[in-house]
$ cat final.cif   # mmCIF, C-alpha atoms and all ligand atoms
data_data
loop_
_atom_site.label_atom_id
_atom_site.label_comp_id
_atom_site.auth_asym_id
_atom_site.auth_seq_id
_atom_site.Cartn_x
_atom_site.Cartn_y
_atom_site.Cartn_z
CA MET Y 1 0.00 0.00 0.00
CA ASN Y 2 2.74 2.42 0.93
CA ASP Y 3 4.28 2.20 -2.50
CA ASN Y 4 1.15 3.64 -4.04
CA PHE Y 5 1.45 6.60 -1.74
CA ARG Y 6 5.01 7.30 -2.79
CA ASP Y 7 3.37 9.47 -5.45
CA ILE Y 8 2.37 12.12 -2.98
CA PHE Y 9 6.00 13.21 -2.78
CA GLU Y 10 6.51 13.26 -6.49
CA GLU Y 11 6.74 16.62 -8.21
CA THR Y 12 6.04 16.76 -11.90
CA ASP Y 13 6.41 19.44 -14.55
CA CYS Y 14 3.52 21.71 -15.43
CA LEU Y 15 1.10 20.43 -18.01
CA SER Y 16 1.75 21.23 -21.66
CA GLN Y 17 -0.80 22.74 -23.98
CA GLN Y 18 -1.25 19.41 -25.72
CA THR Y 19 -1.79 17.51 -22.47
CA LEU Y 20 -4.27 20.09 -21.20
CA MET Y 21 -6.20 20.00 -24.46
CA ASP Y 22 -6.29 16.21 -24.40
CA TYR Y 23 -7.49 16.25 -20.81
CA LEU Y 24 -10.19 18.82 -21.55
CA GLN Y 25 -11.44 16.84 -24.50
CA GLY Y 26 -11.51 13.61 -22.53
CA LYS Y 27 -8.84 11.95 -24.63
CA LEU Y 28 -6.74 10.72 -21.72
CA SER Y 29 -7.12 7.50 -19.81
CA GLY Y 30 -5.29 5.20 -17.44
CA GLU Y 31 -1.76 6.18 -16.49
CA GLU Y 32 -1.80 9.43 -18.46
CA LEU Y 33 -4.99 10.59 -16.82
CA HIS Y 34 -3.70 9.70 -13.38
CA HIS Y 35 -0.47 11.53 -14.06
CA VAL Y 36 -2.34 14.71 -15.03
CA GLU Y 37 -4.66 14.60 -12.05
CA GLN Y 38 -1.76 13.94 -9.75
CA HIS Y 39 -0.15 17.12 -11.01
CA ILE Y 40 -3.37 19.08 -10.54
CA ALA Y 41 -3.48 18.00 -6.92
CA ASP Y 42 -0.05 19.59 -6.51
CA CYS Y 43 -0.01 22.65 -8.67
CA GLU Y 44 -2.23 25.61 -7.97
CA LEU Y 45 -1.52 27.20 -11.35
CA CYS Y 46 -2.53 24.17 -13.40
CA SER Y 47 -5.47 23.49 -11.14
CA ASP Y 48 -6.79 27.06 -11.45
CA ALA Y 49 -6.13 27.07 -15.18
CA LEU Y 50 -8.07 23.88 -15.76
CA GLU Y 51 -11.00 25.22 -13.80
CA GLY Y 52 -11.12 28.24 -16.12
CA LEU Y 53 -10.52 26.25 -19.29
CA GLN Y 54 -13.36 23.92 -18.43
CA ALA Y 55 -15.70 26.91 -18.49
CA ILE Y 56 -14.83 27.70 -22.11
CA LYS Y 57 -17.61 26.54 -24.38
CA GLN Y 58 -15.82 25.82 -27.63
CA LYS Y 59 -12.69 24.16 -26.34
CA GLU Y 60 -11.55 23.07 -29.78
CA LYS Y 61 -10.98 26.75 -30.59
CA ILE Y 62 -8.46 27.30 -27.81
CA PRO Y 63 -5.36 26.42 -29.89
CA PHE Y 64 -6.45 28.82 -32.62
CA TRP Y 65 -7.03 31.62 -30.14
CA LEU Y 66 -3.61 31.06 -28.67
CA ARG Y 67 -1.99 31.10 -32.09
CA ASP Y 68 -3.70 34.42 -32.78
CA ILE Y 69 -2.65 35.95 -29.49
CA LYS Y 70 0.89 34.77 -30.01
CA TRP Y 71 1.03 36.27 -33.47
CA GLN Y 72 -0.16 39.65 -32.18
CA LEU Y 73 2.26 39.59 -29.28
CA MET Y 74 5.20 38.72 -31.54
CA LYS Y 75 4.26 41.56 -33.86
CA LYS Y 76 4.18 43.99 -30.97
CA LEU Y 77 7.55 42.83 -29.64
CA ARG Y 78 9.18 43.05 -33.06
CA LYS Y 79 7.93 46.59 -33.41
CA LYS Y 80 9.27 47.48 -30.00
CA ASN Y 81 12.62 45.96 -30.85
CA HIS Y 82 12.74 47.90 -34.10
CA ARG Y 83 12.08 51.16 -32.29
CA LYS Y 84 14.74 50.37 -29.73
CA ARG Y 85 17.31 49.67 -32.43
CA LYS Y 86 16.49 52.89 -34.22
CA LEU Y 87 16.93 54.85 -31.03
CA ARG Y 88 20.26 53.16 -30.38
CA LEU Y 89 21.39 54.05 -33.90
CA TYR Y 90 20.51 57.73 -33.40
CA VAL Y 91 22.40 57.84 -30.12
CA ASN Y 92 25.44 56.24 -31.72
CA VAL Y 93 25.46 58.69 -34.63
CA LEU Y 94 25.15 61.59 -32.25
CA VAL Y 95 28.05 60.44 -30.06
CA ILE Y 96 30.34 59.84 -33.04
CA THR Y 97 29.56 63.26 -34.51
CA LEU Y 98 30.33 64.92 -31.21
CA ILE Y 99 33.66 63.13 -30.88
CA LEU Y 100 34.62 64.10 -34.42
CA LEU Y 101 33.73 67.72 -33.77
CA ILE Y 102 35.85 67.82 -30.62
CA LEU Y 103 38.78 66.22 -32.44
CA LEU Y 104 38.52 68.74 -35.26
CA PHE Y 105 38.42 71.59 -32.83
CA MET Y 106 41.50 70.30 -31.01
CA MET Y 107 43.45 69.90 -34.24
CA TYR Y 108 42.55 73.38 -35.26
CA TRP Y 109 43.60 74.72 -31.88
CA VAL Y 110 46.93 72.89 -31.94
CA LEU Y 111 47.67 74.22 -35.42
CA PHE Y 112 46.76 77.70 -34.31
CA GLU Y 113 49.09 77.51 -31.28
CA VAL Y 114 51.99 76.16 -33.36
CA ARG Y 115 51.66 79.00 -35.86
CA ARG Y 116 51.54 81.60 -33.13
CA GLY Y 117 54.69 80.08 -31.56
CA HIS Y 118 56.60 80.84 -34.76
CA MET O 1 14.66 31.35 -36.90
CA ASN O 2 15.01 28.03 -35.16
CA TYR O 3 16.70 27.22 -31.90
CA PRO O 4 16.78 23.51 -31.29
CA ASN O 5 17.92 24.01 -27.70
CA ALA O 6 15.39 26.69 -26.78
CA GLN O 7 13.02 24.11 -25.32
CA HIS O 8 15.57 23.19 -22.68
CA LEU O 9 16.19 26.72 -21.50
CA SER O 10 14.66 27.79 -18.23
CA ASP O 11 12.01 30.50 -18.18
CA ILE O 12 14.41 33.06 -16.77
CA GLU O 13 17.09 32.19 -19.32
CA LEU O 14 14.60 32.79 -22.12
CA ILE O 15 13.78 36.24 -20.80
CA GLN O 16 17.44 37.07 -20.34
CA ARG O 17 18.18 36.12 -23.93
CA TYR O 18 15.30 38.24 -25.11
CA LYS O 19 16.61 41.19 -23.13
CA THR O 20 20.07 40.75 -24.65
CA ASP O 21 19.30 40.27 -28.32
CA GLY O 22 15.71 41.53 -28.57
CA ASN O 23 14.65 38.46 -30.54
CA SER O 24 10.97 37.83 -29.86
CA ASP O 25 11.32 34.11 -30.64
CA TRP O 26 12.58 33.54 -27.09
CA ILE O 27 9.34 34.93 -25.75
CA GLY O 28 7.52 32.73 -28.23
CA VAL O 29 8.91 29.68 -26.47
CA LEU O 30 7.82 31.08 -23.13
CA PHE O 31 4.41 31.82 -24.59
CA ASP O 32 3.97 28.21 -25.67
CA ARG O 33 4.71 27.12 -22.11
CA TYR O 34 2.36 29.42 -20.25
CA ALA O 35 -0.27 30.89 -22.57
CA ILE O 36 -2.88 28.20 -22.10
CA LEU O 37 -2.41 28.24 -18.33
CA LEU O 38 -2.83 32.00 -18.27
CA LEU O 39 -5.88 31.78 -20.50
CA GLY O 40 -7.46 29.32 -18.08
CA LEU O 41 -6.49 31.38 -15.07
CA CYS O 42 -7.95 34.57 -16.56
CA MET O 43 -11.07 32.70 -17.54
CA LYS O 44 -11.46 31.45 -13.98
CA TYR O 45 -11.33 34.96 -12.55
CA LEU O 46 -12.82 37.11 -15.31
CA LYS O 47 -15.46 34.60 -16.40
CA ASN O 48 -15.51 36.07 -19.88
CA GLU O 49 -13.80 34.49 -22.88
CA GLU O 50 -13.00 37.67 -24.72
CA ASP O 51 -11.56 39.42 -21.65
CA ALA O 52 -9.50 36.35 -20.86
CA ARG O 53 -8.03 36.29 -24.35
CA ASP O 54 -7.10 39.98 -24.22
CA SER O 55 -5.55 39.54 -20.81
CA VAL O 56 -3.10 36.85 -21.91
CA GLN O 57 -1.23 39.29 -24.15
CA GLN O 58 -1.32 42.05 -21.56
CA ILE O 59 0.05 39.75 -18.88
CA PHE O 60 2.97 38.76 -21.09
CA LEU O 61 3.80 42.40 -21.75
CA LYS O 62 3.58 43.09 -18.03
CA VAL O 63 5.88 40.20 -17.26
CA LEU O 64 8.51 41.51 -19.66
CA GLN O 65 8.18 44.96 -18.17
CA GLU O 66 8.49 43.89 -14.56
CA VAL O 67 10.86 40.99 -14.74
CA HIS O 68 13.87 43.10 -13.86
CA LYS O 69 12.30 44.82 -10.92
CA HIS O 70 12.24 41.58 -8.98
CA ASP O 71 14.67 38.90 -8.02
CA ILE O 72 12.76 35.93 -9.36
CA ILE O 73 13.67 32.44 -8.31
CA PHE O 74 10.40 30.68 -8.93
CA PHE O 75 9.15 32.00 -12.23
CA LYS O 76 6.02 29.87 -12.22
CA ALA O 77 4.85 31.20 -8.87
CA TRP O 78 5.68 34.72 -9.93
CA ILE O 79 3.86 34.68 -13.28
CA HIS O 80 0.90 33.12 -11.48
CA GLN O 81 0.90 36.06 -9.08
CA VAL O 82 1.29 38.66 -11.84
CA ALA O 83 -1.63 37.12 -13.70
CA LYS O 84 -3.83 37.04 -10.60
CA ASN O 85 -3.06 40.65 -9.81
CA TYR O 86 -3.81 41.65 -13.35
CA CYS O 87 -7.20 39.92 -13.22
CA LEU O 88 -7.94 41.54 -9.88
CA MET O 89 -7.23 44.97 -11.39
CA GLN O 90 -9.50 44.20 -14.33
CA LEU O 91 -12.25 43.17 -11.96
CA ARG O 92 -11.85 46.34 -9.93
CA LYS O 93 -12.04 48.38 -13.08
CA THR O 94 -15.31 46.82 -14.10
CA GLN O 95 -16.41 46.97 -10.46
CA GLN O 96 -17.52 43.43 -10.20
CA HIS O 97 -17.40 41.89 -6.79
CA VAL O 98 -15.55 38.69 -7.13
CA GLN O 99 -12.73 39.86 -4.93
CA THR O 100 -13.11 37.64 -1.94
CA GLU O 101 -11.55 34.70 -3.70
CA LEU O 102 -8.53 36.68 -4.74
CA THR O 103 -7.56 38.31 -1.49
CA GLU O 104 -6.81 35.06 0.22
CA VAL O 105 -4.16 34.17 -2.29
CA ASN O 106 -0.65 35.13 -1.32
CA MET O 107 2.77 34.90 -2.81
CA PRO O 108 4.53 31.77 -1.61
CA GLY O 109 6.80 33.05 1.12
CA VAL O 110 10.46 32.27 1.34
CA ALA O 111 9.77 30.10 4.35
CA ASP O 112 7.34 27.92 2.41
CA ILE O 113 9.84 27.43 -0.35
CA GLU O 114 12.60 26.49 2.06
CA ASP O 115 10.27 24.03 3.73
CA ASP O 116 9.55 22.48 0.36
CA GLN O 117 13.24 22.04 -0.33
CA LYS O 118 13.80 20.50 3.05
CA ALA O 119 10.94 18.10 2.54
CA LYS O 120 12.62 16.68 -0.52
CA HIS O 121 15.65 15.56 1.40
CA ILE O 122 13.69 13.81 4.06
CA GLU O 123 13.82 10.05 4.28
CA LYS O 124 10.57 9.07 2.66
CA ASP O 125 10.33 5.44 3.69
CA ASN O 126 10.36 6.52 7.26
CA MET O 127 7.33 8.66 6.67
CA LEU O 128 5.41 6.15 4.66
CA GLU O 129 5.39 3.83 7.67
CA HIS O 130 2.98 6.21 9.31
CA MET O 131 0.63 6.34 6.36
CA GLN O 132 -2.22 4.48 8.09
CA GLU O 133 -2.08 6.83 11.03
CA GLY O 134 -1.96 9.78 8.67
CA LEU O 135 -5.00 8.63 6.77
CA ALA O 136 -6.85 8.26 10.04
CA GLN O 137 -6.15 11.92 10.78
CA LEU O 138 -7.97 13.09 7.67
CA ASN O 139 -11.66 13.76 7.68
CA ILE O 140 -13.82 11.16 6.02
CA GLU O 141 -14.24 13.03 2.73
CA GLN O 142 -10.53 13.62 2.35
CA SER O 143 -9.45 10.11 3.27
CA THR O 144 -12.04 8.54 0.96
CA CYS O 145 -10.93 10.61 -2.00
CA VAL O 146 -7.23 10.26 -1.27
CA LYS O 147 -7.51 6.47 -0.99
CA LEU O 148 -9.53 6.15 -4.17
CA PHE O 149 -7.05 8.35 -6.00
CA TYR O 150 -3.74 6.93 -4.81
CA LEU O 151 -4.62 3.33 -4.00
CA ASP O 152 -7.17 2.55 -6.66
CA LYS O 153 -5.84 5.07 -9.18
CA LYS O 154 -9.33 6.28 -9.93
CA SER O 155 -9.78 9.44 -11.95
CA TYR O 156 -11.44 12.54 -10.51
CA GLN O 157 -14.53 11.79 -12.55
CA GLU O 158 -14.73 8.22 -11.32
CA ILE O 159 -14.33 9.34 -7.73
CA ALA O 160 -17.10 11.87 -8.22
CA ASP O 161 -19.32 9.11 -9.60
CA ILE O 162 -18.55 6.75 -6.73
CA THR O 163 -18.89 9.23 -3.89
CA GLY O 164 -21.51 11.58 -5.26
CA TYR O 165 -19.31 14.61 -4.61
CA SER O 166 -18.92 17.22 -7.34
CA LEU O 167 -15.73 17.31 -9.41
CA LEU O 168 -14.60 20.50 -7.71
CA GLN O 169 -15.17 18.94 -4.30
CA VAL O 170 -13.19 15.85 -5.27
CA LYS O 171 -10.34 18.00 -6.47
CA SER O 172 -10.21 20.04 -3.31
CA TYR O 173 -10.53 16.98 -1.02
CA ILE O 174 -7.55 15.43 -2.77
CA GLN O 175 -5.53 18.63 -2.70
CA ASN O 176 -6.22 19.30 0.96
CA GLY O 177 -6.01 15.66 2.01
CA LYS O 178 -2.66 15.34 0.35
CA ARG O 179 -1.38 18.50 1.97
CA ASN O 180 -2.52 17.37 5.42
CA LEU O 181 -1.04 13.95 4.89
CA LYS O 182 2.30 15.40 3.90
CA LEU O 183 2.34 17.69 6.91
CA PHE O 184 1.50 14.81 9.21
CA LEU O 185 4.14 12.52 7.75
CA GLU O 186 6.84 15.15 7.81
CA LYS O 187 6.49 15.41 11.58
CA PHE O 188 7.93 11.90 11.83
CA SER O 189 10.85 12.51 9.58
CA THR O 190 12.18 15.38 11.65
CA LYS O 191 11.89 13.34 14.85
CA SER O 192 13.93 10.43 13.65
ZN ZN Y 201 1.44 22.91 -12.98
#
$ encode --input "final.cif" --output "structure tokens" --more "lines below"
Ligand SMILES: [Zn+2]
Amino acid sequence: MNDNFRDIFEETDCLSQQTLMDYLQGKLSGEELHHVEQHIADCELCSDALEGLQAIKQKEKIPFWLRDIKWQLMKKLRKKNHRKRKLRLYVNVLVITLILLILLFMMYWVLFEVRRGH
Amino acid sequence: MNYPNAQHLSDIELIQRYKTDGNSDWIGVLFDRYAILLLGLCMKYLKNEEDARDSVQQIFLKVLQEVHKHDIIFFKAWIHQVAKNYCLMQLRKTQQHVQTELTEVNMPGVADIEDDQKAKHIEKDNMLEHMQEGLAQLNIEQSTCVKLFYLDKKSYQEIADITGYSLLQVKSYIQNGKRNLKLFLEKFSTKS
């Protein structure tokens, strides 16, 4: 009997999208099902998530929704990254121009001093 | 772009890589890990499919924004908390009153986490000897469900059918029964 209870100390990884979908659609059985439910008993996040997912009416649409959300998020992040790079480029150009200007000024000044020395 | 090893990176490593090279693919991997969980979580609290879908993206953006303000060791617990807080804010905004459930949830404290780590190192056989006693400590609902689940390997649905409890009840009896059992058994491991 005690061997069966060894499971209560086991900690498993969070459930993947595929596993959750299979569970929601009743496609799991036996060992797989037990494994999932064992994790739910342990993990507040997965347990809460499943409770919410079960309330969704058209579960078969979930993967499509997620793909949509991901696409939008990726687009937003790429845009952000683009803006960041642009800004970095402007700053770089500005710094280089400043350095060049200072160098030019110093050269001019040195030349001026040398001439006056003569 | 394809990173064959991206799947093996930890959550924090993925975010760090994103912060270094700005490549959104790293966040894509993170998204695949957590999006469905966040969708479910938001659905549980907001009880509205469209709001839940919108929230998933917002929560990811929030996570990226806030990740450097905190010293995160347990990413899963943290993202769970960020998502809950976000939902709570949404609920406040729409002035619905579903707040009671949310206030009782707290960030896992450092002490809890340390206890968890300690528990792992404990001699388990020693504890299992006291299983019968432990089961006797549980209330009847908890011990029935725990036994059916661990001994007979019944599913939640089957247990609900056998006992007449609802699925949610079965789930919470198992969760609480298991927690109580662990606490009881761990008392013996520290003594010996
Ligand atoms: Zn989990």
$ atom_distance --input "final.cif" --atom1 "atom CA of O:Phe188" --atom2 "atom CA of Y:Glu37"
27.1 Å
$ axis_aligned_box --input "final.cif" --around "stretch 93-105 of chain Y" --padding-each-side "4 Å" --output "JSON"
{"center_x": 32.0, "center_y": 65.1, "center_z": -32.7, "size_x": 21.6, "size_y": 20.9, "size_z": 13.2}
$ interface_residues --input "final.cif" --of "chain Y" --to "chain O" --cutoff "7 Å" --atoms "all atoms listed in the file" --output "list of chain:residue names"
Y:Met1, Y:Asn2, Y:Asn4, Y:Phe5, Y:Ile8, Y:Ser16, Y:Gln17, Y:Leu33, Y:His34, Y:Ala41, Y:Asp42, Y:Leu45, Y:Cys46, Y:Asp48, Y:Ala49, Y:Leu50, Y:Glu51, Y:Gly52, Y:Leu53, Y:Ile56, Y:Leu66, Y:Ile69, Y:Leu73, Y:Met74, Y:Leu77, Y:Arg78, Y:Asn81
$ residues_near_ligand --input "final.cif" --ligand "ligand ZN 201 (chain Y)" --cutoff "7 Å" --atoms "all atoms listed in the file" --output "compact mmCIF listing (two decimals) with C-alpha atoms, keeping the file's coordinate frame"
# COMPACT_ATOMS: atom_id res chain seq x y z
CA ASP Y 13 6.41 19.44 -14.55
CA CYS Y 14 3.52 21.71 -15.43
CA LEU Y 15 1.10 20.43 -18.01
CA HIS Y 39 -0.15 17.12 -11.01
CA ILE Y 40 -3.37 19.08 -10.54
CA CYS Y 43 -0.01 22.65 -8.67
CA GLU Y 44 -2.23 25.61 -7.97
CA LEU Y 45 -1.52 27.20 -11.35
CA CYS Y 46 -2.53 24.17 -13.40
$ atom_distance --input "final.cif" --atom1 "atom CA of O:Asn5" --atom2 "atom CA of Y:Trp65"
26.2 Å
$ closest_residue --input "final.cif" --among "Y:Arg116, Y:Ile62, Y:Leu87, Y:Gly30" --to "Y:Gln18" --atoms "all atoms listed in the file"
Y:Ile62
$ atom_distance --input "final.cif" --atom1 "atom CA of O:Leu148" --atom2 "atom CA of Y:Glu11"
19.8 Å
